[in-house]
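Step one of this worksheet: look at the structure below.
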Amino acid sequence: QVQVIESGGDSVQSGGSLRLSCVVSGHTWSRYCLGWFRQAPGKAREAVAHIDSDPDGKRTYKTRAMGVRFTISRDNAKNSGYLQMNNLEPEDTATYYCAADPGLCGTVIDSRDFVFWGQGTQVTVSS
């Protein structure tokens with residue numbers, strides 16, 4: 001049974017940093033796409049970034065809105081993914097979700113492409 005578990009959410013002040021982690025277990029995939037999404041209260045789920053299991057990490061896609069503040073990475077040996085978030089703003093307050101799907105990532109980050117989801121981890125940024 002595939003499990004996706006996020007961690008690392010916290011309450012921080014504006015300008016602070018957080019590193020979210022995601023562990024994907026229980027699968028037998030040779031490669032998979034790992035994505036991060038977020039959902040703020042009263043808003044639709046929003047794509048953050050996704051990354052292939054390409055060993056050199058070259059296939060990384062980030063939504064434009066995230067700019068250079070967020071960096072996605074992964075450690076295939078640990079079946080783990082990470083989202084480094086710097087210079088956080090109150091607008092980044094949301095529940096952050098990790099998702100996984102076997103195969104390659106699409107060229108567009110789309111939540112409908114992901115079958116396996118974590119429960120989410122809360123990030124709160126105060127001004």
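If you're wondering about the labels, chains in the structure tokens are A, B, ... by order shown, residues count from 1 in each chain, ligands from 1 in order shown.
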
Which of chain A fall in helix (DSSP H, G or I), as a VMD selection string: chain A and resid 64 to 66 76 to 78 90 to 92 111 to 113

Distance query region 11-21 of chain A at most 12 Å, only C-alpha atoms, self and fewer than 5 positions along chain excluded, as a VMD selection string: chain A and resid 4 to 6 34 to 38 69 to 75 78 to 99 118 120 to 127

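Taking region 13-46 of chain A and asking which residues DSSP calls strand (DSSP E or B) on the backbone, you get Gln13, Leu18, Arg19, Leu20, Ser21, Cys22, Val23, Val24, Ser25, Tyr32, Cys33, Leu34, Gly35, Trp36, Phe37, Arg38, Gln39 and Glu46 of chain A.
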
Nearby residues (only C-alpha atoms) at most 8 Å from Ser53 (chain A), same-chain spacing under 2 positions excluded, as a PyMOL selection string: chain A and resi 31-34+51+55+57+74+76+104

Would you save the residues of that selection, restricted to N, CA, C and O atoms, as a PDB file, in the first residue's frame?
```pdb
ATOM      1  N   ARG A  31      10.297   4.442 -11.296  1.00  0.00           N
ATOM      2  CA  ARG A  31      10.421   5.896 -11.273  1.00  0.00           C
ATOM      3  C   ARG A  31       9.045   6.494 -11.041  1.00  0.00           C
ATOM      4  O   ARG A  31       8.022   5.867 -11.355  1.00  0.00           O
ATOM      5  N   TYR A  32       9.011   7.672 -10.503  1.00  0.00           N
ATOM      6  CA  TYR A  32       7.732   8.327 -10.241  1.00  0.00           C
ATOM      7  C   TYR A  32       7.916   9.825 -10.167  1.00  0.00           C
ATOM      8  O   TYR A  32       9.008  10.323  -9.885  1.00  0.00           O
ATOM      9  N   CYS A  33       6.836  10.498 -10.396  1.00  0.00           N
ATOM     10  CA  CYS A  33       6.792  11.952 -10.292  1.00  0.00           C
ATOM     11  C   CYS A  33       6.362  12.316  -8.872  1.00  0.00           C
ATOM     12  O   CYS A  33       5.443  11.702  -8.309  1.00  0.00           O
ATOM     13  N   LEU A  34       7.017  13.299  -8.307  1.00  0.00           N
ATOM     14  CA  LEU A  34       6.680  13.775  -6.972  1.00  0.00           C
ATOM     15  C   LEU A  34       6.320  15.248  -7.077  1.00  0.00           C
ATOM     16  O   LEU A  34       7.059  16.025  -7.679  1.00  0.00           O
ATOM     17  N   ILE A  51       8.773  17.152  -9.590  1.00  0.00           N
ATOM     18  CA  ILE A  51      10.119  16.744  -9.961  1.00  0.00           C
ATOM     19  C   ILE A  51      10.124  15.269 -10.326  1.00  0.00           C
ATOM     20  O   ILE A  51       9.458  14.450  -9.699  1.00  0.00           O
ATOM     21  N   PRO A  55      17.915  11.019 -12.144  1.00  0.00           N
ATOM     22  CA  PRO A  55      18.997  11.019 -11.146  1.00  0.00           C
ATOM     23  C   PRO A  55      19.723  12.341 -11.000  1.00  0.00           C
ATOM     24  O   PRO A  55      20.144  12.695  -9.904  1.00  0.00           O
ATOM     25  N   GLY A  57      18.388  15.201 -11.492  1.00  0.00           N
ATOM     26  CA  GLY A  57      17.452  16.236 -11.080  1.00  0.00           C
ATOM     27  C   GLY A  57      17.203  17.320 -12.099  1.00  0.00           C
ATOM     28  O   GLY A  57      16.770  18.407 -11.745  1.00  0.00           O
ATOM     29  N   ARG A  74      14.780  16.023  -4.430  1.00  0.00           N
ATOM     30  CA  ARG A  74      14.411  14.689  -3.967  1.00  0.00           C
ATOM     31  C   ARG A  74      15.651  13.849  -3.756  1.00  0.00           C
ATOM     32  O   ARG A  74      16.721  14.122  -4.329  1.00  0.00           O
ATOM     33  N   ASN A  76      16.240   9.971  -4.184  1.00  0.00           N
ATOM     34  CA  ASN A  76      15.606   8.734  -4.624  1.00  0.00           C
ATOM     35  C   ASN A  76      15.961   7.559  -3.710  1.00  0.00           C
ATOM     36  O   ASN A  76      15.146   6.651  -3.504  1.00  0.00           O
ATOM     37  N   LEU A 104       6.686   9.322 -15.516  1.00  0.00           N
ATOM     38  CA  LEU A 104       7.298  10.637 -15.660  1.00  0.00           C
ATOM     39  C   LEU A 104       6.319  11.748 -15.291  1.00  0.00           C
ATOM     40  O   LEU A 104       5.106  11.587 -15.432  1.00  0.00           O
TER      41      LEU A 104
END
```

Straight-line distance linking CA of Gln3 (chain A) with CA of Met66 (chain A), stated in Å to one decimal: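 Value for the CA of Gln3 (chain A)-CA of Met66 (chain A) distance: 26.4 Å.
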
Selection: 12 Å around Thr107 (chain A), only C-alpha atoms, excl. self and same-chain fewer than 3 positions, as a ChimeraX atom specification: /A:33,49-52,59-63,104,110,113

Saved selection, atoms kept: C-alpha atoms, as an mmCIF file, in the first residue's frame:
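Saved to out.cif:
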```
data_model
loop_
_atom_site.group_PDB
_atom_site.id
_atom_site.type_symbol
_atom_site.label_atom_id
_atom_site.label_comp_id
_atom_site.auth_asym_id
_atom_site.auth_seq_id
_atom_site.Cartn_x
_atom_site.Cartn_y
_atom_site.Cartn_z
ATOM 1 C CA CYS A 33 6.792 11.952 -10.292
ATOM 2 C CA ALA A 49 6.323 22.279 -8.133
ATOM 3 C CA HIS A 50 7.009 18.750 -9.280
ATOM 4 C CA ILE A 51 10.119 16.744 -9.961
ATOM 5 C CA ASP A 52 10.998 13.562 -11.813
ATOM 6 C CA ARG A 59 13.610 17.536 -14.919
ATOM 7 C CA THR A 60 12.275 19.996 -12.399
ATOM 8 C CA TYR A 61 9.271 22.148 -12.995
ATOM 9 C CA LYS A 62 8.139 25.053 -10.870
ATOM 10 C CA THR A 63 5.116 27.191 -11.278
ATOM 11 C CA LEU A 104 7.298 10.637 -15.660
ATOM 12 C CA ASP A 110 -1.664 19.152 -12.749
ATOM 13 C CA ASP A 113 -2.175 13.511 -12.734
#
```

For CA of Gln1 (chain A) and CA of Val48 (chain A), the interatomic separation in Å (one decimal):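 Between CA of Gln1 (chain A) and CA of Val48 (chain A) the gap works out to 25.6 Å.
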
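Distance-wise, CA of Arg45 (chain A) and CA of Ile109 (chain A) end up 11.8 Å apart.
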
Closest of A:Ala47, A:Ala77, A:Val108, A:Ala100 to Cys22 (chain A) - atom-to-atom distances counting only C-alpha atoms: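 The closest residue to Cys22 (chain A) is A:Ala100.
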